[in-house]
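So this one's data_37.pdb, PDB, C-alpha atoms, pLDDT in the B column:
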ATOM      1  CA  MET A   1       1.933  25.250  -0.048  1.00 87.00           C
ATOM      2  CA  ALA A   2       0.988  23.429  -3.247  1.00 91.00           C
ATOM      3  CA  GLU A   3       3.845  21.001  -2.633  1.00 94.00           C
ATOM      4  CA  ARG A   4       2.677  20.274   0.912  1.00 95.00           C
ATOM      5  CA  VAL A   5      -0.895  19.581  -0.211  1.00 96.00           C
ATOM      6  CA  SER A   6       0.430  17.360  -3.012  1.00 96.00           C
ATOM      7  CA  ARG A   7       2.670  15.452  -0.600  1.00 96.00           C
ATOM      8  CA  LEU A   8      -0.063  14.969   2.011  1.00 96.00           C
ATOM      9  CA  SER A   9      -2.624  13.963  -0.620  1.00 97.00           C
ATOM     10  CA  THR A  10      -0.586  10.890  -1.539  1.00 96.00           C
ATOM     11  CA  GLU A  11       0.241   9.546   1.937  1.00 96.00           C
ATOM     12  CA  LYS A  12      -2.592   6.982   1.831  1.00 97.00           C
ATOM     13  CA  ALA A  13      -5.001   5.638  -0.778  1.00 97.00           C
ATOM     14  CA  VAL A  14      -7.637   8.085   0.511  1.00 98.00           C
ATOM     15  CA  VAL A  15      -6.830  11.462   2.021  1.00 98.00           C
ATOM     16  CA  ILE A  16      -9.445  13.897   3.277  1.00 98.00           C
ATOM     17  CA  PHE A  17      -8.838  17.503   4.258  1.00 98.00           C
ATOM     18  CA  THR A  18     -11.491  18.600   6.753  1.00 98.00           C
ATOM     19  CA  ARG A  19     -12.389  21.061   9.476  1.00 96.00           C
ATOM     20  CA  SER A  20     -13.332  19.700  12.894  1.00 93.00           C
ATOM     21  CA  GLN A  21     -16.793  21.304  13.114  1.00 93.00           C
ATOM     22  CA  CYS A  22     -17.847  20.700   9.493  1.00 95.00           C
ATOM     23  CA  PRO A  23     -21.111  18.726   9.082  1.00 96.00           C
ATOM     24  CA  MET A  24     -20.364  17.813   5.462  1.00 96.00           C
ATOM     25  CA  CYS A  25     -16.910  16.582   6.479  1.00 97.00           C
ATOM     26  CA  HIS A  26     -18.561  14.340   9.061  1.00 97.00           C
ATOM     27  CA  THR A  27     -20.935  13.013   6.392  1.00 97.00           C
ATOM     28  CA  VAL A  28     -18.077  12.081   4.054  1.00 98.00           C
ATOM     29  CA  LEU A  29     -16.036  10.531   6.879  1.00 97.00           C
ATOM     30  CA  SER A  30     -19.091   8.492   7.948  1.00 97.00           C
ATOM     31  CA  LEU A  31     -19.573   7.186   4.410  1.00 98.00           C
ATOM     32  CA  PHE A  32     -15.950   6.080   4.165  1.00 98.00           C
ATOM     33  CA  SER A  33     -16.204   4.442   7.575  1.00 96.00           C
ATOM     34  CA  GLU A  34     -19.274   2.493   6.441  1.00 96.00           C
ATOM     35  CA  LEU A  35     -17.282   1.348   3.403  1.00 96.00           C
ATOM     36  CA  ASN A  36     -14.421   0.227   5.699  1.00 95.00           C
ATOM     37  CA  VAL A  37     -12.088   2.834   4.247  1.00 97.00           C
ATOM     38  CA  TYR A  38      -9.701   4.420   6.710  1.00 95.00           C
ATOM     39  CA  PRO A  39      -8.375   7.611   5.162  1.00 97.00           C
ATOM     40  CA  ALA A  40      -5.653   9.936   6.310  1.00 98.00           C
ATOM     41  CA  VAL A  41      -7.555  12.914   7.714  1.00 98.00           C
ATOM     42  CA  HIS A  42      -6.079  16.392   8.005  1.00 97.00           C
ATOM     43  CA  GLU A  43      -8.142  18.810  10.093  1.00 97.00           C
ATOM     44  CA  LEU A  44      -7.102  22.153   8.691  1.00 97.00           C
ATOM     45  CA  ASP A  45      -8.360  24.181  11.643  1.00 96.00           C
ATOM     46  CA  LYS A  46      -5.936  22.266  13.865  1.00 96.00           C
ATOM     47  CA  ASP A  47      -2.918  22.689  11.600  1.00 96.00           C
ATOM     48  CA  PRO A  48      -0.742  25.802  12.008  1.00 96.00           C
ATOM     49  CA  ARG A  49      -0.582  26.081   8.214  1.00 95.00           C
ATOM     50  CA  GLY A  50      -4.211  25.109   7.698  1.00 95.00           C
ATOM     51  CA  ARG A  51      -5.337  28.475   6.335  1.00 95.00           C
ATOM     52  CA  GLU A  52      -2.678  28.332   3.631  1.00 96.00           C
ATOM     53  CA  MET A  53      -3.691  24.785   2.745  1.00 96.00           C
ATOM     54  CA  GLU A  54      -7.348  25.855   2.619  1.00 96.00           C
ATOM     55  CA  ARG A  55      -6.484  28.569   0.101  1.00 96.00           C
ATOM     56  CA  GLU A  56      -4.594  26.034  -2.037  1.00 96.00           C
ATOM     57  CA  LEU A  57      -7.484  23.546  -1.887  1.00 97.00           C
ATOM     58  CA  ALA A  58      -9.995  26.306  -2.753  1.00 96.00           C
ATOM     59  CA  ARG A  59      -7.846  27.160  -5.767  1.00 95.00           C
ATOM     60  CA  ARG A  60      -7.754  23.512  -6.873  1.00 96.00           C
ATOM     61  CA  LEU A  61     -11.470  22.940  -6.309  1.00 94.00           C
ATOM     62  CA  GLY A  62     -12.523  26.306  -7.697  1.00 93.00           C
ATOM     63  CA  ARG A  63     -14.758  26.928  -4.705  1.00 91.00           C
ATOM     64  CA  ALA A  64     -14.854  27.943  -1.091  1.00 89.00           C
ATOM     65  CA  PRO A  65     -15.100  26.509   1.451  1.00 90.00           C
ATOM     66  CA  PRO A  66     -12.803  23.799   0.161  1.00 92.00           C
ATOM     67  CA  VAL A  67     -13.643  21.158   2.764  1.00 96.00           C
ATOM     68  CA  PRO A  68     -14.078  18.325   2.681  1.00 97.00           C
ATOM     69  CA  ALA A  69     -11.522  17.851  -0.081  1.00 98.00           C
ATOM     70  CA  VAL A  70     -11.184  14.174  -0.965  1.00 98.00           C
ATOM     71  CA  PHE A  71      -8.210  12.653  -2.759  1.00 98.00           C
ATOM     72  CA  VAL A  72      -8.276   9.056  -3.985  1.00 98.00           C
ATOM     73  CA  GLY A  73      -5.069   7.554  -5.270  1.00 97.00           C
ATOM     74  CA  GLY A  74      -3.458  10.990  -5.058  1.00 97.00           C
ATOM     75  CA  LYS A  75      -6.062  12.518  -7.387  1.00 97.00           C
ATOM     76  CA  LEU A  76      -8.419  15.266  -6.223  1.00 97.00           C
ATOM     77  CA  ILE A  77     -11.931  13.855  -6.553  1.00 97.00           C
ATOM     78  CA  GLY A  78     -13.870  16.734  -5.036  1.00 96.00           C
ATOM     79  CA  SER A  79     -16.086  17.550  -2.119  1.00 96.00           C
ATOM     80  CA  THR A  80     -19.254  16.084  -0.637  1.00 96.00           C
ATOM     81  CA  ASP A  81     -21.374  16.552  -3.760  1.00 96.00           C
ATOM     82  CA  MET A  82     -18.952  14.653  -5.992  1.00 97.00           C
ATOM     83  CA  ILE A  83     -18.346  11.871  -3.455  1.00 98.00           C
ATOM     84  CA  MET A  84     -22.079  11.320  -2.920  1.00 97.00           C
ATOM     85  CA  SER A  85     -22.747  11.423  -6.664  1.00 98.00           C
ATOM     86  CA  LEU A  86     -20.048   8.809  -7.285  1.00 98.00           C
ATOM     87  CA  HIS A  87     -21.398   6.662  -4.459  1.00 98.00           C
ATOM     88  CA  LEU A  88     -25.008   6.817  -5.646  1.00 98.00           C
ATOM     89  CA  SER A  89     -24.001   6.000  -9.227  1.00 98.00           C
ATOM     90  CA  GLY A  90     -21.992   2.968  -8.071  1.00 97.00           C
ATOM     91  CA  LYS A  91     -18.648   4.426  -9.183  1.00 98.00           C
ATOM     92  CA  LEU A  92     -17.084   5.205  -5.806  1.00 98.00           C
ATOM     93  CA  VAL A  93     -16.406   1.633  -4.630  1.00 97.00           C
ATOM     94  CA  PRO A  94     -14.647   0.593  -7.867  1.00 97.00           C
ATOM     95  CA  MET A  95     -12.546   3.770  -7.649  1.00 97.00           C
ATOM     96  CA  LEU A  96     -11.613   2.946  -4.059  1.00 98.00           C
ATOM     97  CA  MET A  97     -10.769  -0.628  -4.995  1.00 96.00           C
ATOM     98  CA  ALA A  98      -8.559   0.513  -7.875  1.00 96.00           C
ATOM     99  CA  ALA A  99      -6.698   2.817  -5.470  1.00 97.00           C
ATOM    100  CA  GLY A 100      -6.185  -0.011  -2.969  1.00 96.00           C
ATOM    101  CA  ALA A 101      -8.353   1.586  -0.292  1.00 96.00           C
ATOM    102  CA  ILE A 102     -10.622  -1.462  -0.046  1.00 93.00           C
ATOM    103  CA  TRP A 103     -10.237  -5.028  -1.180  1.00 82.00           C
ATOM    104  CA  LEU A 104     -13.532  -6.742  -0.449  1.00 73.00           C
ATOM    105  CA  ILE A 105     -17.097  -5.555  -0.325  1.00 63.00           C
TER     106      ILE A 105
END

Please express the file's structure as structure tokens.
Amino acid sequence: MAERVSRLSTEKAVVIFTRSQCPMCHTVLSLFSELNVYPAVHELDKDPRGREMERELARRLGRAPPVPAVFVGGKLIGSTDMIMSLHLSGKLVPMLMAAGAIWLI
């Protein structure tokens, strides 16, 4: 399962693993939408192997629940708390630009 998560996490500049009824997932997706970033989104509760991927993401993040799990440029950045912290400190947009997720602000 680690290989599948690794493969999926690099399919676009930004990849987000979510669950369909997750308020924090919606918050992160809304932020990226406002920044004109269009990530690959994998809703784990709609994937037949979603539970296995959730366990792998929980292992990588060191916490449960593991969603949303945000990858930028193939690197695991974290969940809502880390994304919001990076955004508020002005570090998220440069990270997204470096990964090729956005070009202009």

Quiz prompt | Chain and number of each residue from the PyMOL selection byres ((chain A and resi 28) around 10), as a ChimeraX atom specification | solution = /A:16,18,23-27,29-34,68-70,79-81,83-84

Exercise. Name the residues captured by the PyMOL selection byres ((chain A and resi 66) around 10) when it is applied to the shown file; answer as a ChimeraX atom specification.
Key: /A:17-19,53-65,67-70,78-79

Quiz prompt | Gap from CA of Leu104 in chain A to CA of Leu76 in chain A - Å, one decimal | solution =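 Computed distance, CA of Leu104 in chain A to CA of Leu76 in chain A, equals 23.3 Å.
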
Please return, as a short mmCIF file (atom, residue, chain, number, x, y, z; two decimals) with C-alpha atoms, in the frame of the given file, all polymer residues that have at least one atom within 12 Å of the point (-11.7, 1.0, -5.0); use only C-alpha atoms and the file's own coordinate frame.
data_model
loop_
_atom_site.label_atom_id
_atom_site.label_comp_id
_atom_site.auth_asym_id
_atom_site.auth_seq_id
_atom_site.Cartn_x
_atom_site.Cartn_y
_atom_site.Cartn_z
CA ALA A 13 -5.00 5.64 -0.78
CA VAL A 14 -7.64 8.09 0.51
CA PHE A 32 -15.95 6.08 4.16
CA LEU A 35 -17.28 1.35 3.40
CA ASN A 36 -14.42 0.23 5.70
CA VAL A 37 -12.09 2.83 4.25
CA VAL A 72 -8.28 9.06 -3.98
CA GLY A 73 -5.07 7.55 -5.27
CA LEU A 86 -20.05 8.81 -7.28
CA HIS A 87 -21.40 6.66 -4.46
CA GLY A 90 -21.99 2.97 -8.07
CA LYS A 91 -18.65 4.43 -9.18
CA LEU A 92 -17.08 5.20 -5.81
CA VAL A 93 -16.41 1.63 -4.63
CA PRO A 94 -14.65 0.59 -7.87
CA MET A 95 -12.55 3.77 -7.65
CA LEU A 96 -11.61 2.95 -4.06
CA MET A 97 -10.77 -0.63 -5.00
CA ALA A 98 -8.56 0.51 -7.88
CA ALA A 99 -6.70 2.82 -5.47
CA GLY A 100 -6.18 -0.01 -2.97
CA ALA A 101 -8.35 1.59 -0.29
CA ILE A 102 -10.62 -1.46 -0.05
CA TRP A 103 -10.24 -5.03 -1.18
CA LEU A 104 -13.53 -6.74 -0.45
CA ILE A 105 -17.10 -5.56 -0.32
#

Quiz item: How far is it from CA of Asp47 in chain A to CA of Val5 in chain A, in Å with one decimal?
Solution: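 Between CA of Asp47 in chain A and CA of Val5 in chain A the gap is 12.4 Å.
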
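Distance-wise, CA of Met82 in chain A and CA of Arg49 in chain A end up 25.9 Å apart.
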
Quiz item: Nearest to Gln21 in chain A: which of A:Leu44, A:Arg51, A:Leu8, A:Phe71 is it, counting all atoms listed in the file?
Solution: A:Leu44
